[in-house]
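Peer 1: My structure file my_file07.pdb, PDB, N, CA and C atoms, is below:
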ATOM      1  N   ILE P 249       0.841  -1.193   0.000
ATOM      2  CA  ILE P 249       0.000   0.000   0.000
ATOM      3  C   ILE P 249       0.882   1.252   0.000
ATOM      4  N   GLU P 250       1.944   1.196   0.776
ATOM      5  CA  GLU P 250       2.845   2.342   0.854
ATOM      6  C   GLU P 250       3.460   2.650  -0.513
ATOM      7  N   ASP P 251       3.886   1.620  -1.231
ATOM      8  CA  ASP P 251       4.455   1.812  -2.566
ATOM      9  C   ASP P 251       3.423   2.390  -3.530
ATOM     10  N   LEU P 252       2.196   1.933  -3.411
ATOM     11  CA  LEU P 252       1.128   2.437  -4.273
ATOM     12  C   LEU P 252       0.953   3.945  -4.090
ATOM     13  N   PHE P 253       0.933   4.396  -2.840
ATOM     14  CA  PHE P 253       0.717   5.816  -2.576
ATOM     15  C   PHE P 253       1.963   6.656  -2.833
ATOM     16  N   ASN P 254       3.148   6.068  -2.694
ATOM     17  CA  ASN P 254       4.383   6.827  -2.920
ATOM     18  C   ASN P 254       4.784   6.907  -4.390
ATOM     19  N   THR P 255       4.649   5.806  -5.122
ATOM     20  CA  THR P 255       5.166   5.765  -6.493
ATOM     21  C   THR P 255       4.095   5.584  -7.562
ATOM     22  N   GLY P 256       2.862   5.349  -7.170
ATOM     23  CA  GLY P 256       1.803   5.093  -8.144
ATOM     24  C   GLY P 256       1.311   6.352  -8.834
ATOM     25  N   SER P 257       0.613   6.149  -9.922
ATOM     26  CA  SER P 257      -0.014   7.251 -10.663
ATOM     27  C   SER P 257      -1.413   7.473 -10.093
ATOM     28  N   SER P 258      -1.925   8.685 -10.276
ATOM     29  CA  SER P 258      -3.277   8.945  -9.779
ATOM     30  C   SER P 258      -4.047   9.782 -10.788
ATOM     31  N   GLN P 259      -5.353   9.715 -10.651
ATOM     32  CA  GLN P 259      -6.252  10.501 -11.486
ATOM     33  C   GLN P 259      -7.537  10.710 -10.710
ATOM     34  N   VAL P 260      -8.266  11.735 -11.083
ATOM     35  CA  VAL P 260      -9.542  12.018 -10.430
ATOM     36  C   VAL P 260     -10.652  11.822 -11.443
ATOM     37  N   CYS P 261     -11.576  10.967 -11.103
ATOM     38  CA  CYS P 261     -12.817  10.755 -11.856
ATOM     39  C   CYS P 261     -13.927  10.990 -10.839
ATOM     40  N   PHE P 262     -14.351  12.251 -10.724
ATOM     41  CA  PHE P 262     -15.285  12.592  -9.659
ATOM     42  C   PHE P 262     -16.461  11.642  -9.636
ATOM     43  N   PRO P 263     -16.799  11.084  -8.508
ATOM     44  CA  PRO P 263     -16.462  11.357  -7.124
ATOM     45  C   PRO P 263     -15.325  10.490  -6.566
ATOM     46  N   LEU P 264     -14.460   9.973  -7.411
ATOM     47  CA  LEU P 264     -13.392   9.082  -6.954
ATOM     48  C   LEU P 264     -12.017   9.608  -7.319
ATOM     49  N   LYS P 265     -11.074   9.358  -6.432
ATOM     50  CA  LYS P 265      -9.664   9.530  -6.770
ATOM     51  C   LYS P 265      -9.135   8.116  -6.928
ATOM     52  N   VAL P 266      -8.449   7.864  -8.024
ATOM     53  CA  VAL P 266      -7.969   6.520  -8.325
ATOM     54  C   VAL P 266      -6.450   6.543  -8.379
ATOM     55  N   MET P 267      -5.831   5.642  -7.637
ATOM     56  CA  MET P 267      -4.381   5.491  -7.680
ATOM     57  C   MET P 267      -4.092   4.092  -8.195
ATOM     58  N   PHE P 268      -3.046   3.970  -9.026
ATOM     59  CA  PHE P 268      -2.714   2.655  -9.559
ATOM     60  C   PHE P 268      -1.222   2.548  -9.798
ATOM     61  N   ALA P 269      -0.742   1.310  -9.689
ATOM     62  CA  ALA P 269       0.671   1.005  -9.914
ATOM     63  C   ALA P 269       0.768  -0.468 -10.268
ATOM     64  N   PRO P 270       1.809  -0.865 -10.980
ATOM     65  CA  PRO P 270       1.986  -2.286 -11.273
ATOM     66  C   PRO P 270       2.217  -3.061  -9.975
ATOM     67  N   HIS P 271       1.658  -4.234  -9.910
ATOM     68  CA  HIS P 271       1.832  -5.069  -8.721
ATOM     69  C   HIS P 271       3.251  -5.625  -8.714
ATOM     70  N   PRO P 272       3.943  -5.620  -7.569
ATOM     71  CA  PRO P 272       5.323  -6.120  -7.532
ATOM     72  C   PRO P 272       5.439  -7.615  -7.845
ATOM     73  N   ASP P 273       4.371  -8.372  -7.594
ATOM     74  CA  ASP P 273       4.386  -9.802  -7.882
ATOM     75  C   ASP P 273       3.740 -10.030  -9.252
ATOM     76  N   ALA P 274       4.548 -10.167 -10.288
ATOM     77  CA  ALA P 274       4.038 -10.301 -11.653
ATOM     78  C   ALA P 274       3.337 -11.637 -11.888
ATOM     79  N   LYS P 275       3.508 -12.595 -10.991
ATOM     80  CA  LYS P 275       2.878 -13.912 -11.148
ATOM     81  C   LYS P 275       1.407 -13.900 -10.727
ATOM     82  N   LEU P 276       0.987 -12.839 -10.078
ATOM     83  CA  LEU P 276      -0.386 -12.729  -9.607
ATOM     84  C   LEU P 276      -1.345 -12.743 -10.794
ATOM     85  N   SER P 277      -2.481 -13.401 -10.660
ATOM     86  CA  SER P 277      -3.389 -13.545 -11.792
ATOM     87  C   SER P 277      -4.461 -12.458 -11.867
ATOM     88  N   SER P 278      -4.655 -11.694 -10.793
ATOM     89  CA  SER P 278      -5.694 -10.660 -10.831
ATOM     90  C   SER P 278      -5.196  -9.377 -10.163
ATOM     91  N   HIS P 279      -5.962  -8.318 -10.332
ATOM     92  CA  HIS P 279      -5.616  -7.029  -9.747
ATOM     93  C   HIS P 279      -6.012  -7.019  -8.275
ATOM     94  N   GLN P 280      -5.333  -6.178  -7.481
ATOM     95  CA  GLN P 280      -5.705  -5.990  -6.089
ATOM     96  C   GLN P 280      -6.307  -4.600  -5.947
ATOM     97  N   VAL P 281      -7.418  -4.512  -5.212
ATOM     98  CA  VAL P 281      -8.161  -3.260  -5.119
ATOM     99  C   VAL P 281      -8.349  -2.862  -3.661
ATOM    100  N   LEU P 282      -8.097  -1.588  -3.375
ATOM    101  CA  LEU P 282      -8.326  -1.007  -2.063
ATOM    102  C   LEU P 282      -9.438   0.019  -2.226
ATOM    103  N   ILE P 283     -10.401   0.030  -1.320
ATOM    104  CA  ILE P 283     -11.528   0.962  -1.395
ATOM    105  C   ILE P 283     -11.620   1.710  -0.080
ATOM    106  N   SER P 284     -11.730   3.047  -0.171
ATOM    107  CA  SER P 284     -11.724   3.859   1.036
ATOM    108  C   SER P 284     -12.784   4.952   0.973
ATOM    109  N   ALA P 285     -13.461   5.156   2.099
ATOM    110  CA  ALA P 285     -14.385   6.274   2.284
ATOM    111  C   ALA P 285     -13.985   6.932   3.600
ATOM    112  N   PRO P 286     -13.563   8.196   3.577
ATOM    113  CA  PRO P 286     -12.968   8.816   4.764
ATOM    114  C   PRO P 286     -13.952   9.095   5.901
ATOM    115  N   VAL P 287     -13.493   8.822   7.110
ATOM    116  CA  VAL P 287     -14.276   9.099   8.315
ATOM    117  C   VAL P 287     -14.478  10.607   8.462
ATOM    118  N   LYS P 288     -13.525  11.377   7.978
ATOM    119  CA  LYS P 288     -13.592  12.842   8.065
ATOM    120  C   LYS P 288     -14.866  13.381   7.414
ATOM    121  N   ASN P 289     -15.261  12.793   6.284
ATOM    122  CA  ASN P 289     -16.442  13.279   5.566
ATOM    123  C   ASN P 289     -17.724  12.549   5.943
ATOM    124  N   PHE P 290     -17.599  11.305   6.397
ATOM    125  CA  PHE P 290     -18.779  10.489   6.723
ATOM    126  C   PHE P 290     -18.598   9.884   8.108
ATOM    127  N   LYS P 291     -19.216  10.509   9.089
ATOM    128  CA  LYS P 291     -19.041  10.090  10.478
ATOM    129  C   LYS P 291     -19.703   8.744  10.777
ATOM    130  N   ASN P 292     -20.813   8.453  10.096
ATOM    131  CA  ASN P 292     -21.536   7.209  10.367
ATOM    132  C   ASN P 292     -20.968   6.058   9.541
ATOM    133  N   ALA P 293     -20.699   4.954  10.212
ATOM    134  CA  ALA P 293     -20.161   3.772   9.539
ATOM    135  C   ALA P 293     -21.123   3.266   8.472
ATOM    136  N   VAL P 294     -22.420   3.438   8.704
ATOM    137  CA  VAL P 294     -23.424   2.995   7.737
ATOM    138  C   VAL P 294     -23.223   3.714   6.406
ATOM    139  N   ASP P 295     -22.938   5.004   6.461
ATOM    140  CA  ASP P 295     -22.719   5.778   5.241
ATOM    141  C   ASP P 295     -21.449   5.330   4.527
ATOM    142  N   ARG P 296     -20.367   5.132   5.283
ATOM    143  CA  ARG P 296     -19.108   4.670   4.678
ATOM    144  C   ARG P 296     -19.280   3.294   4.049
ATOM    145  N   ASN P 297     -19.988   2.416   4.710
ATOM    146  CA  ASN P 297     -20.216   1.075   4.176
ATOM    147  C   ASN P 297     -21.068   1.113   2.911
ATOM    148  N   THR P 298     -22.047   2.005   2.874
ATOM    149  CA  THR P 298     -22.882   2.159   1.677
ATOM    150  C   THR P 298     -22.029   2.589   0.493
ATOM    151  N   ILE P 299     -21.167   3.557   0.713
ATOM    152  CA  ILE P 299     -20.288   4.051  -0.351
ATOM    153  C   ILE P 299     -19.357   2.943  -0.824
ATOM    154  N   LYS P 300     -18.729   2.248   0.110
ATOM    155  CA  LYS P 300     -17.789   1.184  -0.262
ATOM    156  C   LYS P 300     -18.502   0.055  -0.994
ATOM    157  N   ARG P 301     -19.718  -0.254  -0.590
ATOM    158  CA  ARG P 301     -20.495  -1.295  -1.267
ATOM    159  C   ARG P 301     -20.792  -0.893  -2.716
ATOM    160  N   ARG P 302     -21.137   0.374  -2.926
ATOM    161  CA  ARG P 302     -21.417   0.847  -4.283
ATOM    162  C   ARG P 302     -20.157   0.824  -5.155
ATOM    163  N   ILE P 303     -19.018   1.183  -4.575
ATOM    164  CA  ILE P 303     -17.761   1.147  -5.332
ATOM    165  C   ILE P 303     -17.390  -0.293  -5.677
ATOM    166  N   ARG P 304     -17.509  -1.194  -4.720
ATOM    167  CA  ARG P 304     -17.199  -2.609  -4.969
ATOM    168  C   ARG P 304     -18.069  -3.192  -6.065
ATOM    169  N   GLU P 305     -19.348  -2.887  -6.025
ATOM    170  CA  GLU P 305     -20.274  -3.408  -7.034
ATOM    171  C   GLU P 305     -19.949  -2.840  -8.411
ATOM    172  N   GLY P 306     -19.635  -1.553  -8.465
ATOM    173  CA  GLY P 306     -19.264  -0.942  -9.737
ATOM    174  C   GLY P 306     -17.994  -1.553 -10.303
ATOM    175  N   TYR P 307     -17.013  -1.803  -9.460
ATOM    176  CA  TYR P 307     -15.779  -2.432  -9.926
ATOM    177  C   TYR P 307     -16.060  -3.858 -10.398
ATOM    178  N   ARG P 308     -16.868  -4.584  -9.635
ATOM    179  CA  ARG P 308     -17.189  -5.965 -10.006
ATOM    180  C   ARG P 308     -17.848  -6.023 -11.385
ATOM    181  N   GLN P 309     -18.742  -5.094 -11.662
ATOM    182  CA  GLN P 309     -19.459  -5.097 -12.933
ATOM    183  C   GLN P 309     -18.587  -4.687 -14.116
ATOM    184  N   HIS P 310     -17.566  -3.860 -13.870
ATOM    185  CA  HIS P 310     -16.797  -3.295 -14.975
ATOM    186  C   HIS P 310     -15.347  -3.745 -15.040
ATOM    187  N   LYS P 311     -14.907  -4.621 -14.146
ATOM    188  CA  LYS P 311     -13.492  -5.013 -14.114
ATOM    189  C   LYS P 311     -13.043  -5.719 -15.392
ATOM    190  N   HIS P 312     -13.950  -6.310 -16.123
ATOM    191  CA  HIS P 312     -13.593  -7.012 -17.356
ATOM    192  C   HIS P 312     -13.078  -6.049 -18.427
ATOM    193  N   THR P 313     -13.375  -4.742 -18.303
ATOM    194  CA  THR P 313     -12.898  -3.772 -19.285
ATOM    195  C   THR P 313     -11.418  -3.454 -19.118
ATOM    196  N   LEU P 314     -10.851  -3.778 -17.965
ATOM    197  CA  LEU P 314      -9.438  -3.502 -17.699
ATOM    198  C   LEU P 314      -8.608  -4.725 -18.068
ATOM    199  N   THR P 315      -8.062  -4.711 -19.266
ATOM    200  CA  THR P 315      -7.216  -5.806 -19.712
ATOM    201  C   THR P 315      -5.792  -5.287 -19.843
ATOM    202  N   THR P 316      -4.936  -5.721 -18.959
ATOM    203  CA  THR P 316      -3.535  -5.322 -18.989
ATOM    204  C   THR P 316      -2.670  -6.568 -18.980
ATOM    205  N   SER P 317      -1.432  -6.393 -19.403
ATOM    206  CA  SER P 317      -0.525  -7.537 -19.472
ATOM    207  C   SER P 317       0.026  -7.915 -18.104
ATOM    208  N   ARG P 318      -0.091  -7.026 -17.133
ATOM    209  CA  ARG P 318       0.445  -7.294 -15.794
ATOM    210  C   ARG P 318      -0.599  -6.917 -14.744
ATOM    211  N   PRO P 319      -0.533  -7.544 -13.582
ATOM    212  CA  PRO P 319      -1.499  -7.211 -12.531
ATOM    213  C   PRO P 319      -1.215  -5.825 -11.952
ATOM    214  N   LEU P 320      -2.267  -5.170 -11.495
ATOM    215  CA  LEU P 320      -2.152  -3.821 -10.940
ATOM    216  C   LEU P 320      -2.638  -3.781  -9.504
ATOM    217  N   CYS P 321      -2.141  -2.807  -8.765
ATOM    218  CA  CYS P 321      -2.697  -2.439  -7.467
ATOM    219  C   CYS P 321      -3.524  -1.187  -7.713
ATOM    220  N   LEU P 322      -4.762  -1.198  -7.291
ATOM    221  CA  LEU P 322      -5.670  -0.064  -7.487
ATOM    222  C   LEU P 322      -6.189   0.423  -6.142
ATOM    223  N   ALA P 323      -6.362   1.722  -6.013
ATOM    224  CA  ALA P 323      -6.980   2.292  -4.814
ATOM    225  C   ALA P 323      -8.064   3.267  -5.261
ATOM    226  N   TYR P 324      -9.275   3.052  -4.782
ATOM    227  CA  TYR P 324     -10.395   3.957  -5.039
ATOM    228  C   TYR P 324     -10.686   4.708  -3.747
ATOM    229  N   ILE P 325     -10.568   6.032  -3.789
ATOM    230  CA  ILE P 325     -10.821   6.869  -2.623
ATOM    231  C   ILE P 325     -11.989   7.791  -2.966
ATOM    232  N   TYR P 326     -13.025   7.719  -2.165
ATOM    233  CA  TYR P 326     -14.230   8.518  -2.395
ATOM    234  C   TYR P 326     -13.963   9.938  -1.914
ATOM    235  N   ILE P 327     -14.091  10.944  -2.786
ATOM    236  CA  ILE P 327     -13.747  12.317  -2.419
ATOM    237  C   ILE P 327     -14.947  13.263  -2.344
ATOM    238  N   ALA P 328     -16.111  12.830  -2.746
ATOM    239  CA  ALA P 328     -17.301  13.698  -2.678
ATOM    240  C   ALA P 328     -17.708  13.886  -1.217
ATOM    241  N   LYS P 329     -18.421  14.955  -0.957
ATOM    242  CA  LYS P 329     -18.848  15.266   0.414
ATOM    243  C   LYS P 329     -20.207  14.664   0.759
ATOM    244  N   GLU P 330     -20.930  14.164  -0.260
ATOM    245  CA  GLU P 330     -22.238  13.564  -0.011
ATOM    246  C   GLU P 330     -22.300  12.210  -0.730
ATOM    247  N   ILE P 331     -23.254  11.409  -0.330
ATOM    248  CA  ILE P 331     -23.425  10.090  -0.941
ATOM    249  C   ILE P 331     -24.144  10.279  -2.274
ATOM    250  N   LEU P 332     -23.473   9.893  -3.345
ATOM    251  CA  LEU P 332     -24.042  10.026  -4.684
ATOM    252  C   LEU P 332     -24.691   8.715  -5.124
ATOM    253  N   PRO P 333     -25.578   8.764  -6.116
ATOM    254  CA  PRO P 333     -26.247   7.545  -6.587
ATOM    255  C   PRO P 333     -25.253   6.541  -7.180
ATOM    256  N   SER P 334     -25.632   5.290  -7.146
ATOM    257  CA  SER P 334     -24.788   4.219  -7.673
ATOM    258  C   SER P 334     -24.428   4.450  -9.128
ATOM    259  N   LYS P 335     -25.353   4.948  -9.912
ATOM    260  CA  LYS P 335     -25.117   5.164 -11.332
ATOM    261  C   LYS P 335     -23.945   6.115 -11.557
ATOM    262  N   THR P 336     -23.851   7.164 -10.772
ATOM    263  CA  THR P 336     -22.756   8.130 -10.879
ATOM    264  C   THR P 336     -21.423   7.477 -10.525
ATOM    265  N   ILE P 337     -21.418   6.697  -9.471
ATOM    266  CA  ILE P 337     -20.197   6.014  -9.026
ATOM    267  C   ILE P 337     -19.762   4.989 -10.066
ATOM    268  N   HIS P 338     -20.695   4.229 -10.595
ATOM    269  CA  HIS P 338     -20.368   3.206 -11.603
ATOM    270  C   HIS P 338     -19.796   3.851 -12.861
ATOM    271  N   GLN P 339     -20.338   4.990 -13.261
ATOM    272  CA  GLN P 339     -19.830   5.690 -14.442
ATOM    273  C   GLN P 339     -18.400   6.182 -14.200
ATOM    274  N   ALA P 340     -18.124   6.666 -12.998
ATOM    275  CA  ALA P 340     -16.776   7.118 -12.663
ATOM    276  C   ALA P 340     -15.795   5.951 -12.680
ATOM    277  N   ILE P 341     -16.213   4.793 -12.208
ATOM    278  CA  ILE P 341     -15.349   3.609 -12.213
ATOM    279  C   ILE P 341     -15.061   3.177 -13.641
ATOM    280  N   LEU P 342     -16.078   3.156 -14.480
ATOM    281  CA  LEU P 342     -15.891   2.778 -15.878
ATOM    282  C   LEU P 342     -14.918   3.738 -16.573
ATOM    283  N   THR P 343     -15.078   5.018 -16.348
ATOM    284  CA  THR P 343     -14.176   6.020 -16.918
ATOM    285  C   THR P 343     -12.750   5.809 -16.429
ATOM    286  N   SER P 344     -12.600   5.552 -15.132
ATOM    287  CA  SER P 344     -11.252   5.365 -14.577
ATOM    288  C   SER P 344     -10.582   4.119 -15.153
ATOM    289  N   LEU P 345     -11.330   3.051 -15.320
ATOM    290  CA  LEU P 345     -10.752   1.830 -15.880
ATOM    291  C   LEU P 345     -10.316   2.032 -17.335
ATOM    292  N   GLU P 346     -11.091   2.792 -18.091
ATOM    293  CA  GLU P 346     -10.705   3.096 -19.472
ATOM    294  C   GLU P 346      -9.429   3.935 -19.509
ATOM    295  N   ARG P 347      -9.331   4.918 -18.615
ATOM    296  CA  ARG P 347      -8.128   5.752 -18.559
ATOM    297  C   ARG P 347      -6.897   4.931 -18.156
ATOM    298  N   ILE P 348      -7.073   4.040 -17.195
ATOM    299  CA  ILE P 348      -5.954   3.189 -16.758
ATOM    300  C   ILE P 348      -5.506   2.304 -17.913
ATOM    301  N   ARG P 349      -6.458   1.732 -18.633
ATOM    302  CA  ARG P 349      -6.122   0.871 -19.765
ATOM    303  C   ARG P 349      -5.326   1.648 -20.810
ATOM    304  N   LYS P 350      -5.747   2.866 -21.110
ATOM    305  CA  LYS P 350      -5.021   3.704 -22.077
ATOM    306  C   LYS P 350      -3.631   4.053 -21.556
ATOM    307  N   HIS P 351      -3.529   4.353 -20.269
ATOM    308  CA  HIS P 351      -2.236   4.681 -19.674
ATOM    309  C   HIS P 351      -1.280   3.495 -19.729
ATOM    310  N   GLU P 352      -1.801   2.302 -19.468
ATOM    311  CA  GLU P 352      -0.968   1.090 -19.490
ATOM    312  C   GLU P 352      -0.519   0.741 -20.899
ATOM    313  N   LYS P 353      -1.321   1.061 -21.905
ATOM    314  CA  LYS P 353      -0.933   0.770 -23.292
ATOM    315  C   LYS P 353       0.220   1.666 -23.735
ATOM    316  N   LYS P 354       0.282   2.884 -23.172
ATOM    317  CA  LYS P 354       1.379   3.799 -23.509
ATOM    318  C   LYS P 354       2.712   3.265 -23.004
ATOM    319  N   ASP P 355       2.695   2.604 -21.860
ATOM    320  CA  ASP P 355       3.946   2.129 -21.240
ATOM    321  C   ASP P 355       4.503   0.909 -21.909
TER     322      ASP P 355
END
Spit out the file's structure as structure tokens when you get a sec.
Peer 2:
Amino acid sequence: IEDLFNTGSSQVCFPLKVMFAPHPDAKLSSHQVLISAPVKNFKNAVDRNTIKRRIREGYRQHKHTLTTSRPLCLAYIYIAKEILPSKTIHQAILTSLERIRKHEKKD
């Protein structure tokens, strides 16, 4: 996680900040994903869990669009101040995965 935040690339697809880096273990068969909703913005655990559940579901539905030659470490950090609808979050995830795929093709 420390390497991801220190050396990884990042982008903002509102309401998410996405950080990504190649996984150090190239033998891994899938990507690793970290999902975070800050306590600073959402005091109730119920709200944070709702946000994380929506992000997880959006990633699950769209992960097939991310085809890379190597496994990645991904971090999704929710940056909006209010809970947005699932459709908005899913669209942001889809956009972020497309951007990551384009970024990985350049390398």
Peer 1: For this structure, which residues satisfy the selection - the PyMOL selection byres ((chain P and resi 338-345) around 8) - when it is evaluated on the file as given? I want them as a list in words.
Peer 2: Gln259, Val260, Cys261, Phe262, Pro263, Leu264, Val266, Arg302, Ile303, Glu305, Gly306, Tyr307, His310, Lys311, Thr313, Leu314, Thr315, Pro333, Ser334, Lys335, Thr336, Ile337, Glu346, Arg347, Ile348, Arg349, Lys350 and His351 of chain P
Peer 1: Residues near Glu330 in chain P, anyone? I mean within 12 Å using only C-alpha atoms, not counting same-chain ones fewer than 4 positions away, as a list in words.
Peer 2: Phe262, Pro263, Ala285, Pro286, Lys288, Asn289, Phe290, Lys291, Asp295, Arg296, Thr298, Ile299, Tyr326 and Ile337 of chain P
Peer 1: Pull the strand (DSSP E) assignments for range 280-348 of chain P out of DSSP run on the backbone, and list those residues as a ChimeraX atom specification.
Peer 2: /P:280-284,320-326
Peer 1: Give me, please, the distance in Å between atom C of Gly256 in chain P and atom C of Ala269 in chain P, quoted to one decimal.
Peer 2: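 Atom C of Ala269 in chain P lies 7.0 Å from atom C of Gly256 in chain P.
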Peer 1: By how many Å are atom N of Tyr324 in chain P and CA of Asn254 in chain P apart?
Peer 2: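 According to the coordinates, atom N of Tyr324 in chain P and CA of Asn254 in chain P are separated by 14.3 Å.
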Peer 1: Just the number, please: distance in Å from atom C of His271 in chain P to atom C of Cys321 in chain P, one decimal.
Peer 2: 8.2 Å
Peer 1: Any chance you could work out the residue set of the PyMOL selection byres (((chain P and resi 277 and name CA) around 12) and name CA) here, as number ranges by chain?
Peer 2: P: 271, 273-276, 278-280, 315-321
